[in-house]
file query.cif (mmCIF, C-alpha atoms and all ligand atoms)
data_data
#
loop_
_atom_site.label_atom_id
_atom_site.label_comp_id
_atom_site.auth_asym_id
_atom_site.auth_seq_id
_atom_site.Cartn_x
_atom_site.Cartn_y
_atom_site.Cartn_z
CA MET A 1 42.62 -21.54 -103.68
CA SER A 2 45.66 -20.59 -105.72
CA GLU A 3 49.04 -21.84 -104.60
CA ILE A 4 50.34 -18.24 -104.35
CA GLY A 5 48.17 -17.50 -101.29
CA THR A 6 46.21 -14.33 -100.66
CA SER A 7 48.91 -12.02 -99.30
CA LEU A 8 49.61 -10.43 -102.69
CA ALA A 9 47.77 -7.34 -103.94
CA PRO A 10 44.24 -7.93 -105.25
CA GLU A 11 45.20 -6.72 -108.74
CA THR A 12 47.86 -9.47 -108.85
CA LEU A 13 45.49 -12.14 -107.57
CA MET A 14 42.73 -11.33 -110.10
CA MET A 15 44.63 -13.34 -112.71
CA ARG A 16 44.74 -16.66 -110.82
CA HIS A 17 43.21 -16.77 -107.34
CA GLY A 18 40.45 -19.30 -106.72
CA TYR A 19 41.06 -21.34 -109.85
CA ASN A 20 43.44 -24.18 -110.69
CA PRO A 21 44.01 -24.56 -114.46
CA TRP A 22 44.48 -28.33 -113.94
CA TRP A 23 40.81 -28.60 -113.01
CA SER A 24 40.16 -27.75 -116.68
CA GLU A 25 42.78 -29.22 -119.05
CA GLY A 26 45.29 -26.47 -118.14
CA ALA A 27 43.03 -23.69 -119.47
CA VAL A 28 44.59 -20.45 -118.16
CA LYS A 29 41.19 -18.80 -117.90
CA PRO A 30 38.29 -20.45 -116.06
CA PRO A 31 36.00 -22.05 -118.65
CA LEU A 32 32.33 -21.16 -118.67
CA PHE A 33 30.22 -23.92 -117.12
CA LEU A 34 26.83 -23.70 -118.80
CA THR A 35 25.01 -26.34 -116.82
CA SER A 36 22.04 -26.09 -114.52
CA THR A 37 22.78 -29.28 -112.61
CA PHE A 38 25.80 -31.30 -111.40
CA LEU A 39 26.40 -35.05 -111.21
CA PHE A 40 26.82 -36.64 -107.75
CA LYS A 41 29.47 -39.39 -107.56
CA THR A 42 27.30 -41.27 -105.04
CA ALA A 43 23.86 -40.91 -103.45
CA GLU A 44 25.67 -40.39 -100.12
CA ASP A 45 27.44 -37.34 -101.63
CA GLY A 46 24.11 -35.95 -102.84
CA GLU A 47 22.61 -36.36 -99.36
CA GLU A 48 25.59 -34.66 -97.69
CA PHE A 49 25.72 -31.76 -100.18
CA PHE A 50 22.05 -31.00 -99.47
CA GLN A 51 22.54 -31.20 -95.70
CA VAL A 52 25.41 -28.72 -95.90
CA ALA A 53 23.54 -26.43 -98.33
CA LEU A 54 20.51 -26.34 -96.02
CA GLY A 55 22.67 -25.60 -92.98
CA LYS A 56 21.77 -28.94 -91.33
CA LYS A 57 25.37 -30.09 -91.26
CA GLU A 58 28.74 -28.32 -90.96
CA SER A 59 31.40 -29.34 -93.44
CA ASN A 60 35.01 -28.27 -93.61
CA LYS A 61 35.12 -29.39 -97.25
CA THR A 62 34.09 -26.97 -100.03
CA GLN A 63 30.33 -27.14 -100.56
CA GLY A 64 29.68 -29.81 -103.23
CA LEU A 65 28.11 -28.59 -106.45
CA ILE A 66 24.37 -29.36 -106.68
CA TYR A 67 22.39 -26.99 -108.90
CA SER A 68 23.42 -23.64 -110.43
CA ARG A 69 20.90 -21.58 -108.45
CA LEU A 70 22.67 -22.67 -105.25
CA ASN A 71 26.29 -22.66 -106.37
CA ASN A 72 28.36 -23.15 -109.51
CA PRO A 73 32.04 -22.86 -110.44
CA GLU A 74 31.77 -19.33 -111.88
CA LEU A 75 30.00 -17.96 -108.77
CA GLU A 76 32.53 -19.59 -106.47
CA ILE A 77 35.67 -18.43 -108.33
CA LEU A 78 34.32 -14.90 -108.75
CA GLU A 79 33.31 -14.63 -105.09
CA GLU A 80 36.77 -15.87 -104.00
CA ARG A 81 38.34 -13.08 -106.06
CA LEU A 82 35.90 -10.28 -105.27
CA LYS A 83 36.18 -10.58 -101.49
CA LEU A 84 39.93 -9.85 -101.69
CA TRP A 85 39.28 -6.19 -102.62
CA GLU A 86 37.73 -5.52 -99.21
CA ASP A 87 39.59 -8.24 -97.32
CA ALA A 88 36.14 -9.62 -96.49
CA GLU A 89 35.54 -13.13 -95.20
CA LYS A 90 33.01 -13.82 -97.92
CA ALA A 91 31.36 -12.28 -101.00
CA SER A 92 28.09 -13.09 -102.73
CA VAL A 93 27.25 -12.15 -106.31
CA PHE A 94 23.78 -11.27 -107.58
CA ALA A 95 21.82 -10.71 -110.80
CA SER A 96 21.82 -6.92 -110.23
CA GLY A 97 22.69 -4.29 -107.66
CA MET A 98 19.00 -4.17 -106.75
CA ALA A 99 18.96 -7.97 -106.32
CA ALA A 100 21.91 -7.64 -103.92
CA ILE A 101 20.25 -4.83 -101.93
CA THR A 102 16.73 -6.30 -101.77
CA THR A 103 17.89 -9.84 -100.97
CA THR A 104 20.13 -8.48 -98.19
CA LEU A 105 17.36 -6.37 -96.64
CA LEU A 106 14.82 -9.19 -96.87
CA ALA A 107 17.29 -11.55 -95.19
CA LEU A 108 18.10 -9.13 -92.37
CA CYS A 109 14.70 -7.59 -91.57
CA LYS A 110 11.67 -9.21 -90.00
CA PRO A 111 8.14 -7.76 -89.61
CA GLY A 112 8.22 -4.96 -87.02
CA ASP A 113 11.83 -3.98 -87.79
CA ALA A 114 12.94 -0.69 -89.37
CA VAL A 115 15.67 0.41 -91.79
CA ALA A 116 17.26 3.84 -91.27
CA TYR A 117 18.80 5.18 -94.48
CA THR A 118 20.64 8.22 -95.78
CA VAL A 119 19.10 10.40 -98.49
CA PRO A 120 19.67 10.92 -101.32
CA VAL A 121 20.03 7.27 -102.12
CA TYR A 122 19.79 5.53 -105.52
CA GLY A 123 16.17 5.80 -106.76
CA GLY A 124 15.61 2.03 -106.96
CA THR A 125 16.82 1.57 -103.39
CA ALA A 126 14.60 4.44 -102.21
CA HIS A 127 11.57 2.92 -103.96
CA PHE A 128 12.15 -0.49 -102.38
CA LEU A 129 12.64 1.05 -98.93
CA LYS A 130 9.70 3.46 -99.01
CA ASP A 131 7.13 1.64 -101.14
CA MET A 132 7.85 -2.08 -100.86
CA LEU A 133 9.39 -2.87 -97.45
CA PRO A 134 6.30 -1.47 -95.62
CA GLN A 135 4.31 -4.32 -97.26
CA PHE A 136 6.39 -6.65 -95.08
CA ASN A 137 5.76 -4.40 -92.05
CA VAL A 138 9.30 -3.02 -92.17
CA ARG A 139 9.49 0.77 -91.68
CA ALA A 140 11.91 2.99 -93.64
CA LEU A 141 13.32 6.02 -91.79
CA PRO A 142 15.28 8.60 -93.85
CA VAL A 143 18.06 10.87 -92.54
CA ALA A 144 20.08 13.40 -94.58
CA ALA A 145 23.43 12.06 -95.90
CA GLY A 146 26.68 13.85 -95.08
CA GLU A 147 28.61 14.95 -92.04
CA ASP A 148 25.50 15.35 -89.85
CA ALA A 149 24.13 11.86 -90.63
CA PRO A 150 25.79 10.04 -87.67
CA GLY A 151 24.33 12.58 -85.23
CA ALA A 152 20.88 12.17 -86.79
CA ILE A 153 21.17 8.38 -86.48
CA ALA A 154 22.21 8.72 -82.81
CA ARG A 155 19.06 10.78 -82.10
CA LEU A 156 16.90 8.34 -84.06
CA LEU A 157 18.27 5.29 -82.21
CA ALA A 158 17.62 7.02 -78.88
CA SER A 159 14.00 7.83 -79.80
CA PRO A 160 10.94 5.54 -79.58
CA GLU A 161 10.70 5.68 -83.42
CA GLY A 162 14.21 4.22 -83.66
CA ALA A 163 13.39 1.12 -81.61
CA GLY A 164 13.58 -1.86 -83.92
CA VAL A 165 16.10 -0.33 -86.37
CA LYS A 166 17.74 -3.47 -87.73
CA VAL A 167 19.76 -1.91 -90.54
CA VAL A 168 21.42 1.46 -91.04
CA PHE A 169 21.82 1.78 -94.81
CA VAL A 170 24.35 4.37 -95.99
CA GLU A 171 25.17 5.27 -99.57
CA THR A 172 28.51 7.10 -99.60
CA PRO A 173 29.31 9.18 -101.52
CA SER A 174 25.68 9.87 -102.22
CA ASN A 175 24.30 9.87 -105.72
CA PRO A 176 24.14 12.48 -107.35
CA SER A 177 25.24 14.91 -104.61
CA LEU A 178 28.59 13.13 -104.05
CA GLU A 179 28.52 13.86 -100.34
CA SER A 180 30.46 11.55 -98.01
CA THR A 181 29.05 10.10 -94.79
CA GLY A 182 31.56 8.90 -92.17
CA ILE A 183 31.53 5.10 -92.02
CA SER A 184 33.61 4.56 -88.86
CA GLU A 185 31.74 7.39 -87.11
CA MET A 186 28.41 5.77 -88.02
CA ARG A 187 29.56 2.39 -86.66
CA GLU A 188 30.71 4.01 -83.38
CA ILE A 189 27.33 5.71 -83.02
CA ILE A 190 25.48 2.42 -83.53
CA ASP A 191 27.69 0.55 -81.04
CA ARG A 192 27.51 3.34 -78.46
CA SER A 193 23.71 3.40 -78.65
CA GLY A 194 23.59 -0.26 -77.63
CA SER A 195 21.59 -1.00 -80.79
CA LYS A 196 22.14 -4.30 -82.59
CA ALA A 197 21.62 -2.55 -85.95
CA LEU A 198 23.86 -3.66 -88.82
CA LEU A 199 25.67 -1.03 -90.87
CA VAL A 200 25.23 -1.69 -94.60
CA VAL A 201 27.13 0.61 -96.99
CA ASP A 202 26.40 0.98 -100.69
CA ASN A 203 29.95 1.26 -102.04
CA THR A 204 29.05 1.50 -105.73
CA MET A 205 30.41 5.00 -106.34
CA LEU A 206 34.03 4.57 -105.16
CA GLY A 207 34.54 0.93 -104.39
CA PRO A 208 36.22 -1.31 -104.11
CA VAL A 209 39.40 0.48 -105.23
CA PHE A 210 39.05 3.88 -103.49
CA GLN A 211 36.88 2.95 -100.49
CA GLN A 212 36.54 -0.26 -98.47
CA PRO A 213 33.69 0.12 -95.95
CA ILE A 214 34.36 -3.17 -94.15
CA ARG A 215 37.79 -1.89 -93.06
CA HIS A 216 36.00 1.09 -91.49
CA GLY A 217 33.43 -0.89 -89.54
CA ALA A 218 30.61 -1.62 -92.00
CA HIS A 219 29.04 -5.04 -91.41
CA LEU A 220 28.25 -5.38 -95.11
CA SER A 221 29.36 -3.62 -98.27
CA VAL A 222 26.90 -3.75 -101.20
CA TYR A 223 27.48 -2.94 -104.84
CA SER A 224 25.87 -2.41 -108.14
CA ALA A 225 28.53 -4.45 -110.00
CA THR A 226 26.91 -3.09 -113.16
CA LYS A 227 29.04 0.02 -112.55
CA PHE A 228 32.82 0.03 -111.94
CA ILE A 229 33.21 -3.69 -111.14
CA GLY A 230 31.67 -4.70 -114.50
CA GLY A 231 33.03 -1.47 -115.91
CA HIS A 232 32.06 -1.74 -119.58
CA SER A 233 28.31 -0.97 -119.52
CA ASP A 234 27.63 -4.44 -120.93
CA LEU A 235 26.22 -6.35 -117.95
CA ILE A 236 23.91 -6.04 -114.95
CA ALA A 237 25.09 -7.52 -111.63
CA GLY A 238 25.44 -6.88 -107.91
CA ALA A 239 27.53 -8.00 -104.96
CA VAL A 240 27.59 -8.09 -101.16
CA MET A 241 30.68 -8.61 -98.98
CA GLY A 242 30.98 -9.22 -95.24
CA SER A 243 31.42 -11.87 -92.56
CA ALA A 244 30.95 -15.53 -93.45
CA ALA A 245 28.00 -15.74 -91.03
CA LEU A 246 26.09 -12.80 -92.55
CA ILE A 247 26.80 -13.81 -96.14
CA SER A 248 25.62 -17.37 -95.43
CA GLU A 249 22.37 -15.96 -94.01
CA ILE A 250 21.90 -13.79 -97.13
CA ASN A 251 22.77 -16.69 -99.44
CA VAL A 252 19.88 -18.75 -98.06
CA TYR A 253 17.56 -15.98 -99.33
CA ARG A 254 19.51 -15.75 -102.61
CA SER A 255 19.00 -19.48 -103.17
CA PHE A 256 15.26 -19.33 -102.56
CA LEU A 257 14.62 -16.00 -104.32
CA GLY A 258 16.85 -17.08 -107.22
CA THR A 259 18.63 -13.71 -107.31
CA MET A 260 22.11 -15.10 -108.02
CA CYS A 261 24.31 -13.91 -110.88
CA SER A 262 24.31 -16.09 -114.03
CA PRO A 263 27.48 -18.05 -114.92
CA PHE A 264 28.08 -16.00 -118.09
CA VAL A 265 27.85 -12.67 -116.27
CA CYS A 266 30.17 -14.02 -113.52
CA TRP A 267 32.64 -14.92 -116.25
CA GLN A 268 32.37 -11.42 -117.74
CA ILE A 269 32.99 -9.87 -114.30
CA MET A 270 36.09 -12.03 -113.75
CA ARG A 271 37.47 -10.56 -116.95
CA SER A 272 36.54 -7.05 -115.77
CA LEU A 273 38.27 -7.57 -112.41
CA GLU A 274 41.61 -8.02 -114.15
CA THR A 275 41.52 -4.34 -115.19
CA LEU A 276 39.49 -2.90 -112.29
CA LYS A 277 42.32 -1.01 -110.61
CA ILE A 278 43.85 0.50 -113.75
CA ARG A 279 40.41 1.48 -115.07
CA MET A 280 39.31 3.19 -111.85
CA GLU A 281 42.67 4.94 -111.39
CA SER A 282 42.82 6.15 -114.97
CA GLN A 283 39.17 7.31 -114.92
CA ALA A 284 39.82 9.19 -111.65
CA ARG A 285 42.88 10.98 -113.10
CA CYS A 286 40.82 12.03 -116.11
CA ALA A 287 37.88 13.10 -113.90
CA LEU A 288 40.09 15.35 -111.78
CA GLU A 289 41.20 17.23 -114.93
CA VAL A 290 37.59 17.57 -116.07
CA ALA A 291 36.50 18.76 -112.59
CA ARG A 292 39.24 21.40 -112.50
CA TYR A 293 38.11 22.64 -115.92
CA LEU A 294 34.44 22.82 -114.83
CA GLU A 295 35.35 24.56 -111.55
CA GLY A 296 36.86 27.42 -113.57
CA HIS A 297 34.08 27.68 -116.18
CA PRO A 298 31.96 30.86 -115.88
CA GLY A 299 28.82 28.96 -116.98
CA VAL A 300 29.17 26.45 -114.11
CA GLN A 301 27.75 27.46 -110.75
CA LYS A 302 29.15 24.59 -108.69
CA VAL A 303 30.91 21.26 -109.05
CA LEU A 304 29.99 18.39 -106.72
CA TYR A 305 32.97 16.05 -106.76
CA PRO A 306 34.96 14.53 -103.87
CA GLY A 307 38.06 16.14 -105.41
CA SER A 308 36.41 19.57 -105.35
CA VAL A 309 35.65 19.88 -101.61
CA LYS A 310 37.27 22.74 -99.68
CA PRO A 311 40.47 21.78 -97.85
CA GLY A 312 39.83 21.87 -94.11
CA SER A 313 36.06 21.32 -94.52
CA ARG A 314 34.14 18.60 -92.65
CA GLN A 315 33.74 16.73 -95.95
CA ALA A 316 37.53 16.81 -96.41
CA ALA A 317 37.96 15.40 -92.88
CA ILE A 318 35.63 12.46 -93.67
CA GLN A 319 37.41 11.84 -96.96
CA LYS A 320 40.73 11.65 -95.10
CA THR A 321 39.46 8.78 -92.95
CA GLN A 322 37.95 6.59 -95.68
CA LEU A 323 38.89 7.60 -99.27
CA SER A 324 42.08 6.76 -101.14
CA GLY A 325 40.92 8.47 -104.35
CA PHE A 326 38.16 10.74 -105.60
CA GLY A 327 36.67 8.44 -108.22
CA SER A 328 35.26 9.56 -111.54
CA VAL A 329 31.62 10.53 -110.93
CA MET A 330 30.72 14.20 -110.46
CA SER A 331 27.73 16.49 -110.76
CA PHE A 332 27.85 20.10 -111.86
CA GLU A 333 25.25 22.82 -111.93
CA VAL A 334 25.04 25.05 -114.99
CA ARG A 335 23.77 28.63 -114.87
CA GLY A 336 20.51 28.83 -116.82
CA GLY A 337 18.55 25.99 -115.24
CA LYS A 338 16.94 23.12 -117.15
CA LYS A 339 17.03 24.88 -120.53
CA LYS A 340 20.81 25.28 -120.39
CA ALA A 341 21.32 21.81 -118.88
CA PHE A 342 19.33 20.20 -121.72
CA GLU A 343 21.27 22.27 -124.27
CA VAL A 344 24.53 20.86 -122.87
CA LEU A 345 23.15 17.30 -122.86
CA ASN A 346 21.95 17.63 -126.46
CA ARG A 347 25.23 19.14 -127.69
CA VAL A 348 27.85 16.73 -126.28
CA LYS A 349 29.45 14.50 -128.91
CA VAL A 350 32.10 12.51 -127.00
CA ALA A 351 30.08 11.93 -123.83
CA HIS A 352 27.07 9.60 -124.16
CA LEU A 353 23.65 10.93 -123.12
CA ALA A 354 22.65 7.92 -121.00
CA VAL A 355 22.12 6.93 -117.36
CA SER A 356 24.36 4.60 -115.31
CA LEU A 357 27.98 5.20 -114.38
CA GLY A 358 31.35 3.51 -114.04
CA GLY A 359 31.70 2.39 -117.67
CA THR A 360 34.69 2.91 -119.94
CA GLU A 361 32.70 5.52 -121.86
CA THR A 362 31.75 8.90 -120.41
CA LEU A 363 28.06 9.07 -119.50
CA ILE A 364 26.08 12.27 -118.95
CA GLU A 365 22.52 12.70 -117.65
CA HIS A 366 20.05 15.01 -115.88
CA PRO A 367 19.23 13.60 -112.39
CA LYS A 368 16.12 15.76 -111.83
CA THR A 369 14.23 14.43 -114.86
CA MET A 370 15.97 11.05 -115.25
CA THR A 371 17.64 8.94 -112.50
CA HIS A 372 16.10 10.82 -109.55
CA SER A 373 12.77 11.88 -111.12
CA GLU A 374 10.85 9.67 -108.68
CA MET A 375 11.94 11.78 -105.67
CA ASP A 376 9.49 14.35 -104.36
CA ASP A 377 10.31 17.99 -105.15
CA ALA A 378 11.00 19.10 -101.56
CA LEU A 379 13.47 16.26 -100.96
CA MET A 380 15.11 16.92 -104.31
CA SER A 381 15.79 20.55 -103.55
CA GLN A 382 16.94 19.62 -100.02
CA CYS A 383 19.49 17.29 -101.67
CA GLY A 384 20.61 19.94 -104.18
CA ILE A 385 19.07 18.18 -107.18
CA THR A 386 18.25 21.32 -109.14
CA ASP A 387 17.07 22.03 -112.71
CA GLY A 388 20.61 22.88 -113.77
CA LEU A 389 22.33 19.83 -112.23
CA ILE A 390 24.07 17.44 -114.62
CA ARG A 391 25.74 14.15 -113.59
CA LEU A 392 28.88 13.05 -115.38
CA SER A 393 30.57 9.65 -115.12
CA VAL A 394 34.02 10.06 -116.67
CA GLY A 395 35.32 7.17 -118.76
CA LEU A 396 38.65 6.28 -120.31
CA GLU A 397 38.71 8.87 -123.09
CA ASN A 398 41.54 11.37 -123.39
CA PRO A 399 40.75 14.19 -120.91
CA ALA A 400 41.58 16.87 -123.52
CA ASP A 401 38.90 15.45 -125.84
CA LEU A 402 36.33 15.40 -123.04
CA ILE A 403 37.14 18.95 -121.96
CA ALA A 404 36.90 20.19 -125.56
CA ASP A 405 33.54 18.42 -125.89
CA LEU A 406 32.20 20.00 -122.68
CA ALA A 407 33.59 23.39 -123.74
CA GLN A 408 31.68 23.35 -127.04
CA ALA A 409 28.53 22.06 -125.30
CA LEU A 410 28.69 24.79 -122.61
CA ALA A 411 29.57 27.61 -125.04
C1 LIG A 501 24.49 3.61 -105.95
C2 LIG A 501 23.67 2.56 -106.64
N1 LIG A 501 23.28 1.48 -105.95
C3 LIG A 501 22.54 0.50 -106.54
C4 LIG A 501 22.15 0.59 -107.86
C5 LIG A 501 21.32 -0.51 -108.46
O1 LIG A 501 22.11 -1.30 -109.27
P1 LIG A 501 21.59 -2.14 -110.54
O2 LIG A 501 21.16 -1.16 -111.56
O3 LIG A 501 22.80 -2.94 -110.93
O4 LIG A 501 20.46 -2.99 -110.07
C6 LIG A 501 22.56 1.69 -108.62
C7 LIG A 501 22.15 1.78 -110.03
O5 LIG A 501 22.29 2.79 -110.67
C8 LIG A 501 23.33 2.71 -108.00
O6 LIG A 501 23.74 3.80 -108.66
#
call {"tool": "encode", "arguments": {"input": "query.cif", "output": "structure tokens"}}
result
Amino acid sequence: MSEIGTSLAPETLMMRHGYNPWWSEGAVKPPLFLTSTFLFKTAEDGEEFFQVALGKKESNKTQGLIYSRLNNPELEILEERLKLWEDAEKASVFASGMAAITTTLLALCKPGDAVAYTVPVYGGTAHFLKDMLPQFNVRALPVAAGEDAPGAIARLLASPEGAGVKVVFVETPSNPSLESTGISEMREIIDRSGSKALLVVDNTMLGPVFQQPIRHGAHLSVYSATKFIGGHSDLIAGAVMGSAALISEINVYRSFLGTMCSPFVCWQIMRSLETLKIRMESQARCALEVARYLEGHPGVQKVLYPGSVKPGSRQAAIQKTQLSGFGSVMSFEVRGGKKKAFEVLNRVKVAHLAVSLGGTETLIEHPKTMTHSEMDDALMSQCGITDGLIRLSVGLENPADLIADLAQALA
């Protein structure tokens, strides 16, 4: 713990919380500990550290370092810092967003259980839910994302099919339709139904700066830290935040599955966290200008962006309860279908034709044939993933340069 406490703003605490420079010769930044194993001072220490790690003994001391798959200085400092963004009791960091999601679901679900989830959801998550969890006798039950999702979950939980739902998994806003699902409303529905289901929210698209699901009743908030948290498109990582009890349960699985984040990537993320707020705020300002430009372009049929919803709409009402900013990911549909969409993708010069999102550079892609190509056609059209839909993750470039680039590509 830092001697300045945790009452200051997260962006202030990213520069010192969880690390004491006098542990490491006064080094202002935490050094990188590239070691797989740690020396015990005594055999008695080794015995106690294992008992605590295996949950056989409570300890009010910090867990002693044993072996880097279980814990290591980088993981511990990063987790201390990360949890502050959602005011969570505990955070856990993983080798990828998928490692965070799969380890969490494997820890929470037992054979016979079910996971209800909103669609569309990230393709990798959908694949794990639909095609892999059934191998463990865990059913996956989809419901449409958006304002009607809580009602659909209420009906599901009241039906025989909904018996055994252990997790309600919500991605909000959804990718690539950017539709918000009410987090607090979903939690109320679960509680009112008498179900013991846990609400897990994928907060990759807006979090942790513009949306904090735990404050709105989510039991766990999961992330692809590859996106905004890492922020530079140079690492793959994931995170989960929540109560100490749930994170400890998940960490047992992380230790045995070996899905933890490596020390070097933790170190990279600590560096990224120092600029997280200014990056996300600046990217969101730039994205709003780009969205306004696209909204007025005659070649653009519609813009799907939290900042483009109609005032007074149900989406706007959800946003009011849980968003403090619109973020920097949007989708837009061009007139002229796939041919025109591909023309735009092939003509951009400032934006990068590549998948992923949340990096400092603007990324542009075609969900129907790229990130969401695994979805079946009916579901795709139900979710508005059309031939002409393009997804754009706005970076830190000058908005005028991005708008000029899109203008020449759309011309
Ligand atoms: C919303 C969302 N969740 C999870 C993931 C998976 O994260 P990762 O690629 O870090 O495994 C992604 C990846 O694109 C994503 O967009």
call {"tool": "residues_near_ligand", "arguments": {"input": "query.cif", "ligand": "ligand LIG 501 (chain A)", "cutoff": "9 Å", "atoms": "only C-alpha atoms and all ligand atoms", "output": "JSON, numbers by chain"}}
result
{"A": [95, 96, 97, 98, 99, 100, 101, 121, 122, 123, 124, 125, 171, 172, 173, 174, 175, 176, 202, 203, 204, 205, 222, 223, 224, 225, 226, 227, 235, 236, 237, 238, 355, 356, 357, 371]}
call {"tool": "write_last_selection", "arguments": {"input": "query.cif", "atoms": "C-alpha atoms", "output": "CSV table (one decimal), in the frame of the given file"}}
result
chain,number,residue,atom,x,y,z
A,95,ALA,CA,21.8,-10.7,-110.8
A,96,SER,CA,21.8,-6.9,-110.2
A,97,GLY,CA,22.7,-4.3,-107.7
A,98,MET,CA,19.0,-4.2,-106.8
A,99,ALA,CA,19.0,-8.0,-106.3
A,100,ALA,CA,21.9,-7.6,-103.9
A,101,ILE,CA,20.2,-4.8,-101.9
A,121,VAL,CA,20.0,7.3,-102.1
A,122,TYR,CA,19.8,5.5,-105.5
A,123,GLY,CA,16.2,5.8,-106.8
A,124,GLY,CA,15.6,2.0,-107.0
A,125,THR,CA,16.8,1.6,-103.4
A,171,GLU,CA,25.2,5.3,-99.6
A,172,THR,CA,28.5,7.1,-99.6
A,173,PRO,CA,29.3,9.2,-101.5
A,174,SER,CA,25.7,9.9,-102.2
A,175,ASN,CA,24.3,9.9,-105.7
A,176,PRO,CA,24.1,12.5,-107.4
A,202,ASP,CA,26.4,1.0,-100.7
A,203,ASN,CA,30.0,1.3,-102.0
A,204,THR,CA,29.0,1.5,-105.7
A,205,MET,CA,30.4,5.0,-106.3
A,222,VAL,CA,26.9,-3.8,-101.2
A,223,TYR,CA,27.5,-2.9,-104.8
A,224,SER,CA,25.9,-2.4,-108.1
A,225,ALA,CA,28.5,-4.4,-110.0
A,226,THR,CA,26.9,-3.1,-113.2
A,227,LYS,CA,29.0,0.0,-112.6
A,235,LEU,CA,26.2,-6.4,-118.0
A,236,ILE,CA,23.9,-6.0,-115.0
A,237,ALA,CA,25.1,-7.5,-111.6
A,238,GLY,CA,25.4,-6.9,-107.9
A,355,VAL,CA,22.1,6.9,-117.4
A,356,SER,CA,24.4,4.6,-115.3
A,357,LEU,CA,28.0,5.2,-114.4
A,371,THR,CA,17.6,8.9,-112.5
call {"tool": "residues_around", "arguments": {"input": "query.cif", "residues": "Met375 of chain A", "least_positions_apart": "4", "cutoff": "9 Å", "atoms": "all atoms listed in the file", "output": "PyMOL selection string"}}
result
chain A and resi 120+123+126+368+379-380
call {"tool": "atom_distance", "arguments": {"input": "query.cif", "atom1": "atom CA of Pro134 of chain A", "atom2": "atom CA of Leu105 of chain A"}}
result
12.1 Å
call {"tool": "atom_distance", "arguments": {"input": "query.cif", "atom1": "atom CA of Arg192 of chain A", "atom2": "atom CA of Ser248 of chain A"}}
result
26.8 Å
call {"tool": "residues_around", "arguments": {"input": "query.cif", "residues": "segment 44-52 of chain A", "least_positions_apart": "2", "cutoff": "12 Å", "atoms": "all atoms listed in the file", "output": "list in words"}}
result
Thr37, Phe38, Leu39, Phe40, Lys41, Thr42, Leu54, Gly55, Lys56, Lys57, Glu58, Ser59, Asn60, Lys61, Thr62, Gln63, Gly64, Leu65, Ile66, Tyr67, Leu70, Asn71, Ser248 and Val252 of chain A
call {"tool": "atom_distance", "arguments": {"input": "query.cif", "atom1": "atom CA of Gly307 of chain A", "atom2": "atom CA of Gly151 of chain A"}}
result
24.7 Å
call {"tool": "closest_residue", "arguments": {"input": "query.cif", "among": "A:Tyr305, A:Tyr253, A:Phe342, A:Tyr293", "to": "Leu178 of chain A", "atoms": "all atoms listed in the file"}}
result
A:Tyr305
call {"tool": "closest_residue", "arguments": {"input": "query.cif", "among": "A:Lys83, A:Lys310, A:Arg69, A:Lys302", "to": "Thr6 of chain A", "atoms": "only C-alpha atoms"}}
result
A:Lys83
call {"tool": "closest_residue", "arguments": {"input": "query.cif", "among": "A:Glu89, A:Asp191, A:Glu374, A:Glu343", "to": "His127 of chain A", "atoms": "only C-alpha atoms"}}
result
A:Glu374
call {"tool": "closest_residue", "arguments": {"input": "query.cif", "among": "A:Leu206, A:Ile229, A:Ala114, A:Leu198", "to": "Glu274 of chain A", "atoms": "all atoms listed in the file"}}
result
A:Ile229
call {"tool": "closest_residue", "arguments": {"input": "query.cif", "among": "A:Gly182, A:Gly337, A:Pro298, A:Gly164", "to": "Ala149 of chain A", "atoms": "all atoms listed in the file"}}
result
A:Gly182
call {"tool": "residues_near_point", "arguments": {"input": "query.cif", "point": "(37.5, -10.2, -92.4)", "cutoff": "9 Å", "atoms": "only C-alpha atoms", "output": "mmCIF file with C-alpha atoms, keeping the file's coordinate frame"}}
result
data_model
loop_
_atom_site.group_PDB
_atom_site.id
_atom_site.type_symbol
_atom_site.label_atom_id
_atom_site.label_comp_id
_atom_site.auth_asym_id
_atom_site.auth_seq_id
_atom_site.Cartn_x
_atom_site.Cartn_y
_atom_site.Cartn_z
ATOM 1 C CA GLU A 86 37.730 -5.520 -99.210
ATOM 2 C CA ASP A 87 39.590 -8.240 -97.320
ATOM 3 C CA ALA A 88 36.140 -9.620 -96.490
ATOM 4 C CA GLU A 89 35.540 -13.130 -95.200
ATOM 5 C CA LYS A 90 33.010 -13.820 -97.920
ATOM 6 C CA ILE A 214 34.360 -3.170 -94.150
ATOM 7 C CA ARG A 215 37.790 -1.890 -93.060
ATOM 8 C CA GLY A 242 30.980 -9.220 -95.240
ATOM 9 C CA SER A 243 31.420 -11.870 -92.560
ATOM 10 C CA ALA A 244 30.950 -15.530 -93.450
#
call {"tool": "decode", "arguments": {"input": "query.cif", "residues": "segment 298-310 of chain A", "atoms": "C-alpha atoms", "output": "PDB file, in the first residue's frame"}}
result
ATOM      1  CA  PRO A 298     -25.066  11.256 -47.477  1.00  0.00           C
ATOM      2  CA  GLY A 299     -23.229   7.952 -48.117  1.00  0.00           C
ATOM      3  CA  VAL A 300     -23.784   6.789 -44.512  1.00  0.00           C
ATOM      4  CA  GLN A 301     -27.107   5.149 -43.720  1.00  0.00           C
ATOM      5  CA  LYS A 302     -26.733   4.975 -39.938  1.00  0.00           C
ATOM      6  CA  VAL A 303     -24.199   5.489 -37.181  1.00  0.00           C
ATOM      7  CA  LEU A 304     -24.202   3.150 -34.175  1.00  0.00           C
ATOM      8  CA  TYR A 305     -22.458   5.062 -31.400  1.00  0.00           C
ATOM      9  CA  PRO A 306     -23.542   5.730 -27.804  1.00  0.00           C
ATOM     10  CA  GLY A 307     -23.178   9.452 -28.588  1.00  0.00           C
ATOM     11  CA  SER A 308     -25.542   9.141 -31.556  1.00  0.00           C
ATOM     12  CA  VAL A 309     -28.651   7.765 -29.791  1.00  0.00           C
ATOM     13  CA  LYS A 310     -31.851   9.843 -29.908  1.00  0.00           C
TER      14      LYS A 310
END
